[in-house]
Amino acid sequence: MIKILFPDGSAKEFEKGISIEEIAGSISSGLKKQSVAGYVNGELFDLNRPIQEDAEIRIITKKDKEAFEILNHSAAHLLAQAVKRLYPNAKFGVGPAIREGFYYDIDAGEPIREEDLEKIEKMMKRISQEQTVITRRELPKTEALAFFKDDKYKVELITDLPEGEIISVYNQGDFTDLCRGGHIGNTKNIRFFKLLSLAGAYWRGDSNREQLQRIYGTAWYSEEDLKNHLLVLEERKERDHRKLGKELKIFELNNDAGQGLALWLPAGYTVRKVLEDYVYKLEKKAGYLHVSTPALGTKRLYEISGHWSHYRDNMFPAMERDGEVFVLRPMSCPHHMLVFKSDLRSYRDLPIRYAELVTQHRYEASGALSGLERVRAMTLTDAHLFVREDQIKKEVLDAYNLILQAIKDLNLEIEYVELALRDKEKGKFHDNDQLWDLAERLLKELLAEEEIEYTEMKGEAAFYGPKIDIQVRTATGHIITMSTVQLDFLLPERFDLNYIGSDGEKHRPVVIHRGLISTWERLMSILLEQYKGAFPTWLAPTQIKVIPVSLDAHGAYAKKLNDLFIDYDFRSELDMRDEKLGYKIREAQTLKVPYQIVVGDNEVDSNLVTYRKFGSAEQVTVTVEEFLSMLKKEVIEKGN
Ligand code: TSB
Ligand code: ZN
């Protein structure tokens, strides 16, 4: 007999060799149905694995978060088994569970095509219906190597395992895989799954090694859960800014222009201009001064700042002409330091806040590029604030609040705030401990005083100082930085910046770097995804589309309206093409134009405007004056 201790502190005796499944069954048949695995003395055990000694156990049920991973890991095995049946020469890399499902890296001996996924999925269903028991076996390394001798990838994985480690394999009928576990007890329990996509993946992530094919899928415990998840995926695809950017003609990426070097199309550029004006006014009200500095600088400038030693991997290579060496700037901070240095400064002049829409270039790895979200040429809503030490907290807070204001005006959702700190172990940061401690302490104090919730991220700081980053979630589910406030004691020292204090002595200012609403590129990706392409009226590339029912009968009045709207500074377009009315309306709909105005007899006869708001089926008829004042109010209030 062995003694089993439960999480609630109770204990019970069982026959040696009892399994989690049997223990669950002895408690209730409901629990048995819900259980998927268990922890035995902290070790993950499959349902049917015999327990040989006294143990503390915790039963994992379908509701526990581990359960999803166990199911999806098992689904990966099921996928491999199905592939092996269809492609007998297939060899397998790794097949883990991931956040929303699973994948398996496969060398099938011949290319698997997108349309083959269906037949693989069918085979998985068939194996599931065969109701094969999944069992674990442990063997010594030499035996494992012999067993997998025909699969070079598995042989490599086993060879890399430490000597003496127990190697476990899982068998389900005609298929055995190297695996740590845990698993579902029977293929019949993997019922609700879907194969999603196919991608290339290098063996061990190394681009010099074999290229395998990665099949992604997802598995759930109920049909409803699976359905809901597929809906979420569908919705995400619809929201992806790369798709929306194409449909709405916002931007273009062309490999001849260069990877990550985006072209702004007329509609995209229009939105960008509106945002430029918006940012300019917002900053003017907050006491910023606007400057303009070049995208090219000497390499020397970036050696002085420290970018060349700490940030060079992110820069395009230097270029030489007539003995002078230049770089495309990755950041504007050094230029703004020189702007500060262009004059003598007194304590009464501070704070000085220089803002610029900074065009800059960064060498991002080609694999990291993603639509407009991560690019190589970008224009940042940048600013550098030069402040006295006694002004640090107020200026950081004001900058932070200005960011919040902009985010509110844009109606964007923040995922969370991050405090990015240095990681001493890593070499990419400047090494003055005293300055780091001071800067990090000040930001932490400020966040605590203002009761701002945040997550700490070690190692994510800039090389010159810690940052407060505002994070958003993208349609594909990952997190990116939108806005940032950064505290920097280093660059003022590197550039030997001074101001004359009230004591008549020289003092060092402190620099605050601020990214207001990211770069136009990243911001556009965020806006497209969060608005699902439907810009609010104040931002919409085209705010009004005027469509006459008949060109002859209504064209003249339609033109009169369109001219009037333009005179009133609205972005209005007249559609006088010789196309069917239905076609024109559908097109305005696809472009998500906020106001569609269809001009017919009624409008011409009584000087009226009939509009339909994007997203609403209702047609509303008003006087021209009413329409103008309604729209004006909407734009000023940045409403929809
Ligand atoms: C705020 N020197 C500071 C500046 O003064 C700076 O450059 N900080 S940064 O490196 O954090 O970048 C500022 C912002 O640019 C980031 O918060 C992010 O929103 C945006 N950004 C960074 N890299 C890219 C990229 N490759 N593509 C698009 N946007 C980017
Ligand atoms: Zn900066």
# chains A, B, ... in the order shown; residues from 1 in each chain; ligands from 1
call {"tool": "closest_atom_pairs", "arguments": {"of": "chain A", "to": "ligand 2", "cutoff": "10 Å", "atoms": "only C-alpha atoms and all ligand atoms", "output": "tab-separated table"}}
result
residue	atom	partner	partner_atom_place_in_ligand_line	distance
A:Pro330	CA	ligand 2	1 (Zn)	9.6
A:Met331	CA	ligand 2	1 (Zn)	6.0
A:Ser332	CA	ligand 2	1 (Zn)	5.9
A:Cys333	CA	ligand 2	1 (Zn)	4.1
A:Pro334	CA	ligand 2	1 (Zn)	7.8
A:His335	CA	ligand 2	1 (Zn)	9.4
A:His336	CA	ligand 2	1 (Zn)	8.3
A:Met337	CA	ligand 2	1 (Zn)	9.5
A:Leu380	CA	ligand 2	1 (Zn)	10.0
A:Asp382	CA	ligand 2	1 (Zn)	7.2
A:Ala383	CA	ligand 2	1 (Zn)	7.0
A:His384	CA	ligand 2	1 (Zn)	6.2
A:Leu385	CA	ligand 2	1 (Zn)	9.4
A:Ala462	CA	ligand 2	1 (Zn)	9.3
A:Tyr464	CA	ligand 2	1 (Zn)	9.3
A:Thr484	CA	ligand 2	1 (Zn)	9.9
A:Val485	CA	ligand 2	1 (Zn)	9.4
A:Gln486	CA	ligand 2	1 (Zn)	8.0
A:Leu487	CA	ligand 2	1 (Zn)	9.7
A:Asp488	CA	ligand 2	1 (Zn)	9.0
A:Leu491	CA	ligand 2	1 (Zn)	9.5
A:Val511	CA	ligand 2	1 (Zn)	8.7
A:Ile512	CA	ligand 2	1 (Zn)	7.8
A:His513	CA	ligand 2	1 (Zn)	4.6
A:Arg514	CA	ligand 2	1 (Zn)	6.8
A:Gly515	CA	ligand 2	1 (Zn)	8.0
call {"tool": "write_last_selection", "arguments": {"atoms": "N, CA and C atoms", "output": "PDB file, in the first residue's frame"}}
result
ATOM      1  N   PRO A 330      20.240  56.709 -36.173  1.00  0.00           N
ATOM      2  CA  PRO A 330      19.204  55.819 -35.666  1.00  0.00           C
ATOM      3  C   PRO A 330      18.335  56.553 -34.648  1.00  0.00           C
ATOM      4  N   MET A 331      18.832  57.686 -34.157  1.00  0.00           N
ATOM      5  CA  MET A 331      18.125  58.506 -33.161  1.00  0.00           C
ATOM      6  C   MET A 331      18.602  59.942 -33.330  1.00  0.00           C
ATOM      7  N   SER A 332      17.818  60.877 -32.823  1.00  0.00           N
ATOM      8  CA  SER A 332      18.143  62.292 -32.993  1.00  0.00           C
ATOM      9  C   SER A 332      18.762  62.918 -31.752  1.00  0.00           C
ATOM     10  N   CYS A 333      18.886  62.143 -30.675  1.00  0.00           N
ATOM     11  CA  CYS A 333      19.338  62.753 -29.415  1.00  0.00           C
ATOM     12  C   CYS A 333      20.627  63.559 -29.590  1.00  0.00           C
ATOM     13  N   PRO A 334      21.653  63.010 -30.279  1.00  0.00           N
ATOM     14  CA  PRO A 334      22.893  63.786 -30.397  1.00  0.00           C
ATOM     15  C   PRO A 334      22.673  65.146 -31.061  1.00  0.00           C
ATOM     16  N   HIS A 335      21.847  65.177 -32.100  1.00  0.00           N
ATOM     17  CA  HIS A 335      21.569  66.458 -32.743  1.00  0.00           C
ATOM     18  C   HIS A 335      20.924  67.441 -31.766  1.00  0.00           C
ATOM     19  N   HIS A 336      19.990  66.955 -30.993  1.00  0.00           N
ATOM     20  CA  HIS A 336      19.303  67.853 -30.064  1.00  0.00           C
ATOM     21  C   HIS A 336      20.240  68.336 -28.958  1.00  0.00           C
ATOM     22  N   MET A 337      21.237  67.521 -28.616  1.00  0.00           N
ATOM     23  CA  MET A 337      22.243  67.972 -27.636  1.00  0.00           C
ATOM     24  C   MET A 337      22.983  69.187 -28.207  1.00  0.00           C
ATOM     25  N   LEU A 380       9.787  59.571 -36.101  1.00  0.00           N
ATOM     26  CA  LEU A 380       9.377  59.490 -34.693  1.00  0.00           C
ATOM     27  C   LEU A 380       8.834  60.824 -34.189  1.00  0.00           C
ATOM     28  N   ASP A 382       9.228  62.785 -31.744  1.00  0.00           N
ATOM     29  CA  ASP A 382      10.304  62.779 -30.756  1.00  0.00           C
ATOM     30  C   ASP A 382      10.395  64.093 -29.993  1.00  0.00           C
ATOM     31  N   ALA A 383      11.004  64.052 -28.827  1.00  0.00           N
ATOM     32  CA  ALA A 383      11.353  65.286 -28.111  1.00  0.00           C
ATOM     33  C   ALA A 383      12.459  64.994 -27.118  1.00  0.00           C
ATOM     34  N   HIS A 384      13.280  66.006 -26.853  1.00  0.00           N
ATOM     35  CA  HIS A 384      14.281  65.917 -25.790  1.00  0.00           C
ATOM     36  C   HIS A 384      14.106  67.124 -24.895  1.00  0.00           C
ATOM     37  N   LEU A 385      13.931  66.846 -23.613  1.00  0.00           N
ATOM     38  CA  LEU A 385      13.697  67.913 -22.644  1.00  0.00           C
ATOM     39  C   LEU A 385      14.960  68.099 -21.813  1.00  0.00           C
ATOM     40  N   ALA A 462      17.163  51.753 -22.418  1.00  0.00           N
ATOM     41  CA  ALA A 462      18.042  52.269 -23.470  1.00  0.00           C
ATOM     42  C   ALA A 462      19.467  52.234 -22.917  1.00  0.00           C
ATOM     43  N   TYR A 464      21.445  54.525 -22.539  1.00  0.00           N
ATOM     44  CA  TYR A 464      21.745  55.732 -21.761  1.00  0.00           C
ATOM     45  C   TYR A 464      20.868  55.901 -20.524  1.00  0.00           C
ATOM     46  N   THR A 484       7.035  56.483 -25.005  1.00  0.00           N
ATOM     47  CA  THR A 484       8.143  56.257 -24.081  1.00  0.00           C
ATOM     48  C   THR A 484       8.619  57.565 -23.452  1.00  0.00           C
ATOM     49  N   VAL A 485       8.974  57.486 -22.176  1.00  0.00           N
ATOM     50  CA  VAL A 485       9.632  58.598 -21.484  1.00  0.00           C
ATOM     51  C   VAL A 485      10.886  58.019 -20.847  1.00  0.00           C
ATOM     52  N   GLN A 486      12.031  58.638 -21.126  1.00  0.00           N
ATOM     53  CA  GLN A 486      13.298  58.034 -20.724  1.00  0.00           C
ATOM     54  C   GLN A 486      14.149  59.056 -19.980  1.00  0.00           C
ATOM     55  N   LEU A 487      14.809  58.590 -18.936  1.00  0.00           N
ATOM     56  CA  LEU A 487      15.598  59.503 -18.114  1.00  0.00           C
ATOM     57  C   LEU A 487      17.085  59.262 -18.366  1.00  0.00           C
ATOM     58  N   ASP A 488      17.801  60.346 -18.638  1.00  0.00           N
ATOM     59  CA  ASP A 488      19.171  60.192 -19.132  1.00  0.00           C
ATOM     60  C   ASP A 488      20.128  61.186 -18.457  1.00  0.00           C
ATOM     61  N   LEU A 491      24.036  61.372 -21.627  1.00  0.00           N
ATOM     62  CA  LEU A 491      24.352  62.215 -22.787  1.00  0.00           C
ATOM     63  C   LEU A 491      24.733  63.650 -22.400  1.00  0.00           C
ATOM     64  N   VAL A 511      18.569  65.065 -19.223  1.00  0.00           N
ATOM     65  CA  VAL A 511      17.776  64.964 -20.450  1.00  0.00           C
ATOM     66  C   VAL A 511      16.654  63.938 -20.282  1.00  0.00           C
ATOM     67  N   ILE A 512      15.475  64.328 -20.744  1.00  0.00           N
ATOM     68  CA  ILE A 512      14.350  63.383 -20.811  1.00  0.00           C
ATOM     69  C   ILE A 512      14.057  63.157 -22.295  1.00  0.00           C
ATOM     70  N   HIS A 513      14.132  61.904 -22.732  1.00  0.00           N
ATOM     71  CA  HIS A 513      13.776  61.565 -24.118  1.00  0.00           C
ATOM     72  C   HIS A 513      12.300  61.189 -24.105  1.00  0.00           C
ATOM     73  N   ARG A 514      11.579  61.651 -25.087  1.00  0.00           N
ATOM     74  CA  ARG A 514      10.159  61.339 -25.123  1.00  0.00           C
ATOM     75  C   ARG A 514       9.701  60.963 -26.528  1.00  0.00           C
ATOM     76  N   GLY A 515       9.087  59.787 -26.657  1.00  0.00           N
ATOM     77  CA  GLY A 515       8.436  59.398 -27.910  1.00  0.00           C
ATOM     78  C   GLY A 515       6.944  59.532 -27.649  1.00  0.00           C
TER      79      GLY A 515
END
call {"tool": "residues_around", "arguments": {"residues": "range 107-116 of chain A", "least_positions_apart": "2", "cutoff": "12 Å", "atoms": "only C-alpha atoms", "output": "PyMOL selection string"}}
result
chain A and resi 80-94+104-105+118-123+151-154+195-203+210-216
call {"tool": "atom_distance", "arguments": {"atom1": "CA of Arg612 in chain A", "atom2": "CA of Gln596 in chain A"}}
result
5.2 Å
call {"tool": "closest_residue", "arguments": {"among": "A:Phe627, A:Phe570, A:Tyr103, A:Trp520", "to": "ligand 1", "atoms": "only C-alpha atoms and all ligand atoms"}}
result
A:Trp520
call {"tool": "select_by_dssp", "arguments": {"residues": "range 119-350 of chain A", "states": "helix (DSSP H, G or I)", "output": "ChimeraX atom specification"}}
result
/A:119-129,141-147,152-160,187-189,203-205,223-239,241-247,266-285,299-305,307-310,312-314,333-341,347-349
call {"tool": "closest_residue", "arguments": {"among": "A:Gly101, A:Pro162, A:Gly25, A:Gly306", "to": "His229 in chain A", "atoms": "only C-alpha atoms"}}
result
A:Gly101
call {"tool": "residues_around", "arguments": {"residues": "Arg522 in chain A", "least_positions_apart": "2", "cutoff": "7 Å", "atoms": "only C-alpha atoms", "output": "list of chain:residue names"}}
result
A:Leu372, A:Glu373, A:Arg374, A:Ser518, A:Thr519, A:Trp520, A:Met524, A:Ser525, A:Ile526
call {"tool": "select_by_dssp", "arguments": {"residues": "range 522-574 of chain A", "states": "strand (DSSP E or B)", "output": "PyMOL selection string"}}
result
chain A and resi 544-548+572-574
call {"tool": "write_last_selection", "arguments": {"atoms": "C-alpha atoms", "output": "PDB file, in the first residue's frame"}}
result
ATOM      1  CA  ILE A 544     -17.138  62.609 -47.266  1.00  0.00           C
ATOM      2  CA  LYS A 545     -17.935  60.890 -50.541  1.00  0.00           C
ATOM      3  CA  VAL A 546     -20.526  62.642 -52.694  1.00  0.00           C
ATOM      4  CA  ILE A 547     -22.281  60.335 -55.156  1.00  0.00           C
ATOM      5  CA  PRO A 548     -24.905  61.607 -57.627  1.00  0.00           C
ATOM      6  CA  SER A 572     -14.602  65.525 -49.537  1.00  0.00           C
ATOM      7  CA  GLU A 573     -14.538  63.667 -52.852  1.00  0.00           C
ATOM      8  CA  LEU A 574     -16.971  63.709 -55.710  1.00  0.00           C
TER       9      LEU A 574
END
call {"tool": "closest_residue", "arguments": {"among": "A:Arg586, A:Lys426, A:His307, A:Lys506", "to": "ligand 1", "atoms": "only C-alpha atoms and all ligand atoms"}}
result
A:His307
call {"tool": "residues_around", "arguments": {"residues": "Glu69 in chain A", "least_positions_apart": "3", "cutoff": "10 Å", "atoms": "only C-alpha atoms", "output": "ChimeraX atom specification"}}
result
/A:64-66,72-75,96-102,182-183,219-220
call {"tool": "residues_around", "arguments": {"residues": "range 254-270 of chain A", "least_positions_apart": "6", "cutoff": "8 Å", "atoms": "only C-alpha atoms", "output": "list in words"}}
result
Leu248, Ser366, Leu369, Ser370, Gly371, Leu372, Arg374, Val375, Arg376, Ala377, Pro541 and Thr542 of chain A
call {"tool": "write_last_selection", "arguments": {"atoms": "C-alpha atoms", "output": "PDB file, in the first residue's frame"}}
result
ATOM      1  CA  LEU A 248      -7.563  51.012 -47.691  1.00  0.00           C
ATOM      2  CA  SER A 366      14.866  41.144 -41.769  1.00  0.00           C
ATOM      3  CA  LEU A 369      10.283  43.345 -39.923  1.00  0.00           C
ATOM      4  CA  SER A 370       6.516  43.267 -39.900  1.00  0.00           C
ATOM      5  CA  GLY A 371       4.403  45.538 -42.105  1.00  0.00           C
ATOM      6  CA  LEU A 372       4.534  49.076 -40.712  1.00  0.00           C
ATOM      7  CA  ARG A 374       8.704  47.383 -37.323  1.00  0.00           C
ATOM      8  CA  VAL A 375      10.466  49.127 -40.189  1.00  0.00           C
ATOM      9  CA  ARG A 376      13.930  50.367 -41.099  1.00  0.00           C
ATOM     10  CA  ALA A 377      13.083  53.972 -42.027  1.00  0.00           C
ATOM     11  CA  PRO A 541      -8.348  60.146 -45.378  1.00  0.00           C
ATOM     12  CA  THR A 542     -11.641  60.912 -47.102  1.00  0.00           C
TER      13      THR A 542
END
call {"tool": "residues_around", "arguments": {"residues": "range 40-56 of chain A", "least_positions_apart": "5", "cutoff": "7 Å", "atoms": "only C-alpha atoms", "output": "number ranges by chain"}}
result
A: 2-6, 16-21, 182-185
call {"tool": "residues_around", "arguments": {"residues": "Glu283 in chain A", "least_positions_apart": "2", "cutoff": "12 Å", "atoms": "only C-alpha atoms", "output": "mmCIF file with N, CA, C and O atoms, in the first residue's frame"}}
result
data_model
loop_
_atom_site.group_PDB
_atom_site.id
_atom_site.type_symbol
_atom_site.label_atom_id
_atom_site.label_comp_id
_atom_site.auth_asym_id
_atom_site.auth_seq_id
_atom_site.Cartn_x
_atom_site.Cartn_y
_atom_site.Cartn_z
ATOM 1 N N GLU A 276 0.266 65.059 -37.916
ATOM 2 C CA GLU A 276 1.377 66.020 -37.737
ATOM 3 C C GLU A 276 0.855 67.333 -37.178
ATOM 4 O O GLU A 276 1.416 67.883 -36.223
ATOM 5 N N ASP A 277 -0.224 67.827 -37.766
ATOM 6 C CA ASP A 277 -0.821 69.075 -37.278
ATOM 7 C C ASP A 277 -1.282 68.923 -35.843
ATOM 8 O O ASP A 277 -1.110 69.810 -35.017
ATOM 9 N N TYR A 278 -1.890 67.792 -35.578
ATOM 10 C CA TYR A 278 -2.401 67.534 -34.232
ATOM 11 C C TYR A 278 -1.265 67.566 -33.209
ATOM 12 O O TYR A 278 -1.350 68.241 -32.177
ATOM 13 N N VAL A 279 -0.179 66.848 -33.518
ATOM 14 C CA VAL A 279 0.950 66.768 -32.587
ATOM 15 C C VAL A 279 1.578 68.157 -32.400
ATOM 16 O O VAL A 279 1.918 68.562 -31.287
ATOM 17 N N TYR A 280 1.698 68.895 -33.491
ATOM 18 C CA TYR A 280 2.299 70.228 -33.412
ATOM 19 C C TYR A 280 1.520 71.120 -32.437
ATOM 20 O O TYR A 280 2.089 71.753 -31.547
ATOM 21 N N LYS A 281 0.198 71.103 -32.578
ATOM 22 C CA LYS A 281 -0.632 71.952 -31.704
ATOM 23 C C LYS A 281 -0.547 71.487 -30.252
ATOM 24 O O LYS A 281 -0.435 72.306 -29.334
ATOM 25 N N LYS A 285 0.959 73.839 -27.149
ATOM 26 C CA LYS A 285 0.226 74.172 -25.921
ATOM 27 C C LYS A 285 1.016 73.749 -24.681
ATOM 28 O O LYS A 285 0.874 74.330 -23.619
ATOM 29 N N ALA A 286 1.843 72.711 -24.828
ATOM 30 C CA ALA A 286 2.593 72.192 -23.677
ATOM 31 C C ALA A 286 3.980 72.827 -23.573
ATOM 32 O O ALA A 286 4.806 72.379 -22.777
ATOM 33 N N GLY A 287 4.246 73.859 -24.361
ATOM 34 C CA GLY A 287 5.506 74.585 -24.215
ATOM 35 C C GLY A 287 6.712 73.967 -24.908
ATOM 36 O O GLY A 287 7.848 74.199 -24.501
ATOM 37 N N TYR A 288 6.489 73.178 -25.930
ATOM 38 C CA TYR A 288 7.610 72.606 -26.687
ATOM 39 C C TYR A 288 8.041 73.573 -27.786
ATOM 40 O O TYR A 288 7.227 74.342 -28.308
ATOM 41 N N LEU A 289 9.315 73.515 -28.137
ATOM 42 C CA LEU A 289 9.848 74.296 -29.255
ATOM 43 C C LEU A 289 10.190 73.334 -30.374
ATOM 44 O O LEU A 289 10.795 72.281 -30.123
ATOM 45 N N HIS A 290 9.835 73.683 -31.603
ATOM 46 C CA HIS A 290 10.064 72.744 -32.705
ATOM 47 C C HIS A 290 11.338 73.073 -33.461
ATOM 48 O O HIS A 290 11.607 74.229 -33.764
ATOM 49 N N ARG A 353 12.289 72.366 -24.038
ATOM 50 C CA ARG A 353 11.750 71.123 -24.633
ATOM 51 C C ARG A 353 11.799 71.233 -26.146
ATOM 52 O O ARG A 353 11.043 71.996 -26.731
ATOM 53 N N TYR A 354 12.711 70.462 -26.754
ATOM 54 C CA TYR A 354 12.820 70.474 -28.215
ATOM 55 C C TYR A 354 12.050 69.297 -28.796
ATOM 56 O O TYR A 354 12.312 68.139 -28.435
ATOM 57 N N ALA A 355 11.147 69.598 -29.711
ATOM 58 C CA ALA A 355 10.375 68.532 -30.362
ATOM 59 C C ALA A 355 10.705 68.514 -31.842
ATOM 60 O O ALA A 355 11.021 69.552 -32.429
ATOM 61 N N GLU A 356 10.655 67.329 -32.413
ATOM 62 C CA GLU A 356 10.886 67.204 -33.856
ATOM 63 C C GLU A 356 10.229 65.920 -34.356
ATOM 64 O O GLU A 356 10.177 64.921 -33.645
ATOM 65 N N LEU A 357 9.743 65.968 -35.585
ATOM 66 C CA LEU A 357 9.308 64.739 -36.244
ATOM 67 C C LEU A 357 10.558 64.210 -36.925
ATOM 68 O O LEU A 357 10.962 64.699 -37.973
ATOM 69 N N THR A 381 7.747 60.759 -33.425
ATOM 70 C CA THR A 381 7.220 61.955 -32.744
ATOM 71 C C THR A 381 8.079 62.165 -31.500
ATOM 72 O O THR A 381 7.720 61.794 -30.405
ATOM 73 N N ASP A 382 9.228 62.785 -31.744
ATOM 74 C CA ASP A 382 10.304 62.779 -30.756
ATOM 75 C C ASP A 382 10.395 64.093 -29.993
ATOM 76 O O ASP A 382 9.923 65.134 -30.471
ATOM 77 N N ALA A 383 11.004 64.052 -28.827
ATOM 78 C CA ALA A 383 11.353 65.286 -28.111
ATOM 79 C C ALA A 383 12.459 64.994 -27.118
ATOM 80 O O ALA A 383 12.595 63.854 -26.642
ATOM 81 N N ASP A 398 4.698 65.399 -16.581
ATOM 82 C CA ASP A 398 3.989 66.169 -17.609
ATOM 83 C C ASP A 398 4.097 65.488 -18.975
ATOM 84 O O ASP A 398 3.127 65.438 -19.733
ATOM 85 N N ALA A 399 5.280 64.990 -19.276
ATOM 86 C CA ALA A 399 5.472 64.304 -20.560
ATOM 87 C C ALA A 399 4.586 63.061 -20.610
ATOM 88 O O ALA A 399 3.933 62.777 -21.619
ATOM 89 N N LEU A 402 1.032 64.082 -21.121
ATOM 90 C CA LEU A 402 0.783 64.517 -22.497
ATOM 91 C C LEU A 402 0.587 63.284 -23.400
ATOM 92 O O LEU A 402 -0.268 63.274 -24.294
ATOM 93 N N ILE A 403 1.368 62.264 -23.130
ATOM 94 C CA ILE A 403 1.211 61.001 -23.865
ATOM 95 C C ILE A 403 -0.198 60.438 -23.636
ATOM 96 O O ILE A 403 -0.895 60.067 -24.583
ATOM 97 N N GLN A 405 -2.825 62.025 -22.834
ATOM 98 C CA GLN A 405 -3.780 62.878 -23.540
ATOM 99 C C GLN A 405 -3.886 62.468 -25.018
ATOM 100 O O GLN A 405 -4.980 62.307 -25.564
ATOM 101 N N ALA A 406 -2.723 62.278 -25.647
ATOM 102 C CA ALA A 406 -2.715 61.907 -27.063
ATOM 103 C C ALA A 406 -3.383 60.544 -27.263
ATOM 104 O O ALA A 406 -4.163 60.350 -28.200
ATOM 105 N N ARG A 514 11.579 61.651 -25.087
ATOM 106 C CA ARG A 514 10.159 61.339 -25.123
ATOM 107 C C ARG A 514 9.701 60.963 -26.528
ATOM 108 O O ARG A 514 9.919 61.707 -27.478
ATOM 109 N N LEU A 516 6.270 60.459 -28.316
ATOM 110 C CA LEU A 516 4.878 60.782 -27.962
ATOM 111 C C LEU A 516 3.914 59.667 -28.366
ATOM 112 O O LEU A 516 3.275 59.048 -27.524
#
call {"tool": "closest_residue", "arguments": {"among": "A:Ala617, A:Leu139, A:Leu539, A:Ile452", "to": "Lys273 in chain A", "atoms": "only C-alpha atoms"}}
result
A:Leu539
call {"tool": "atom_distance", "arguments": {"atom1": "CA of Phe386 in chain A", "atom2": "CA of Arg508 in chain A"}}
result
9.6 Å
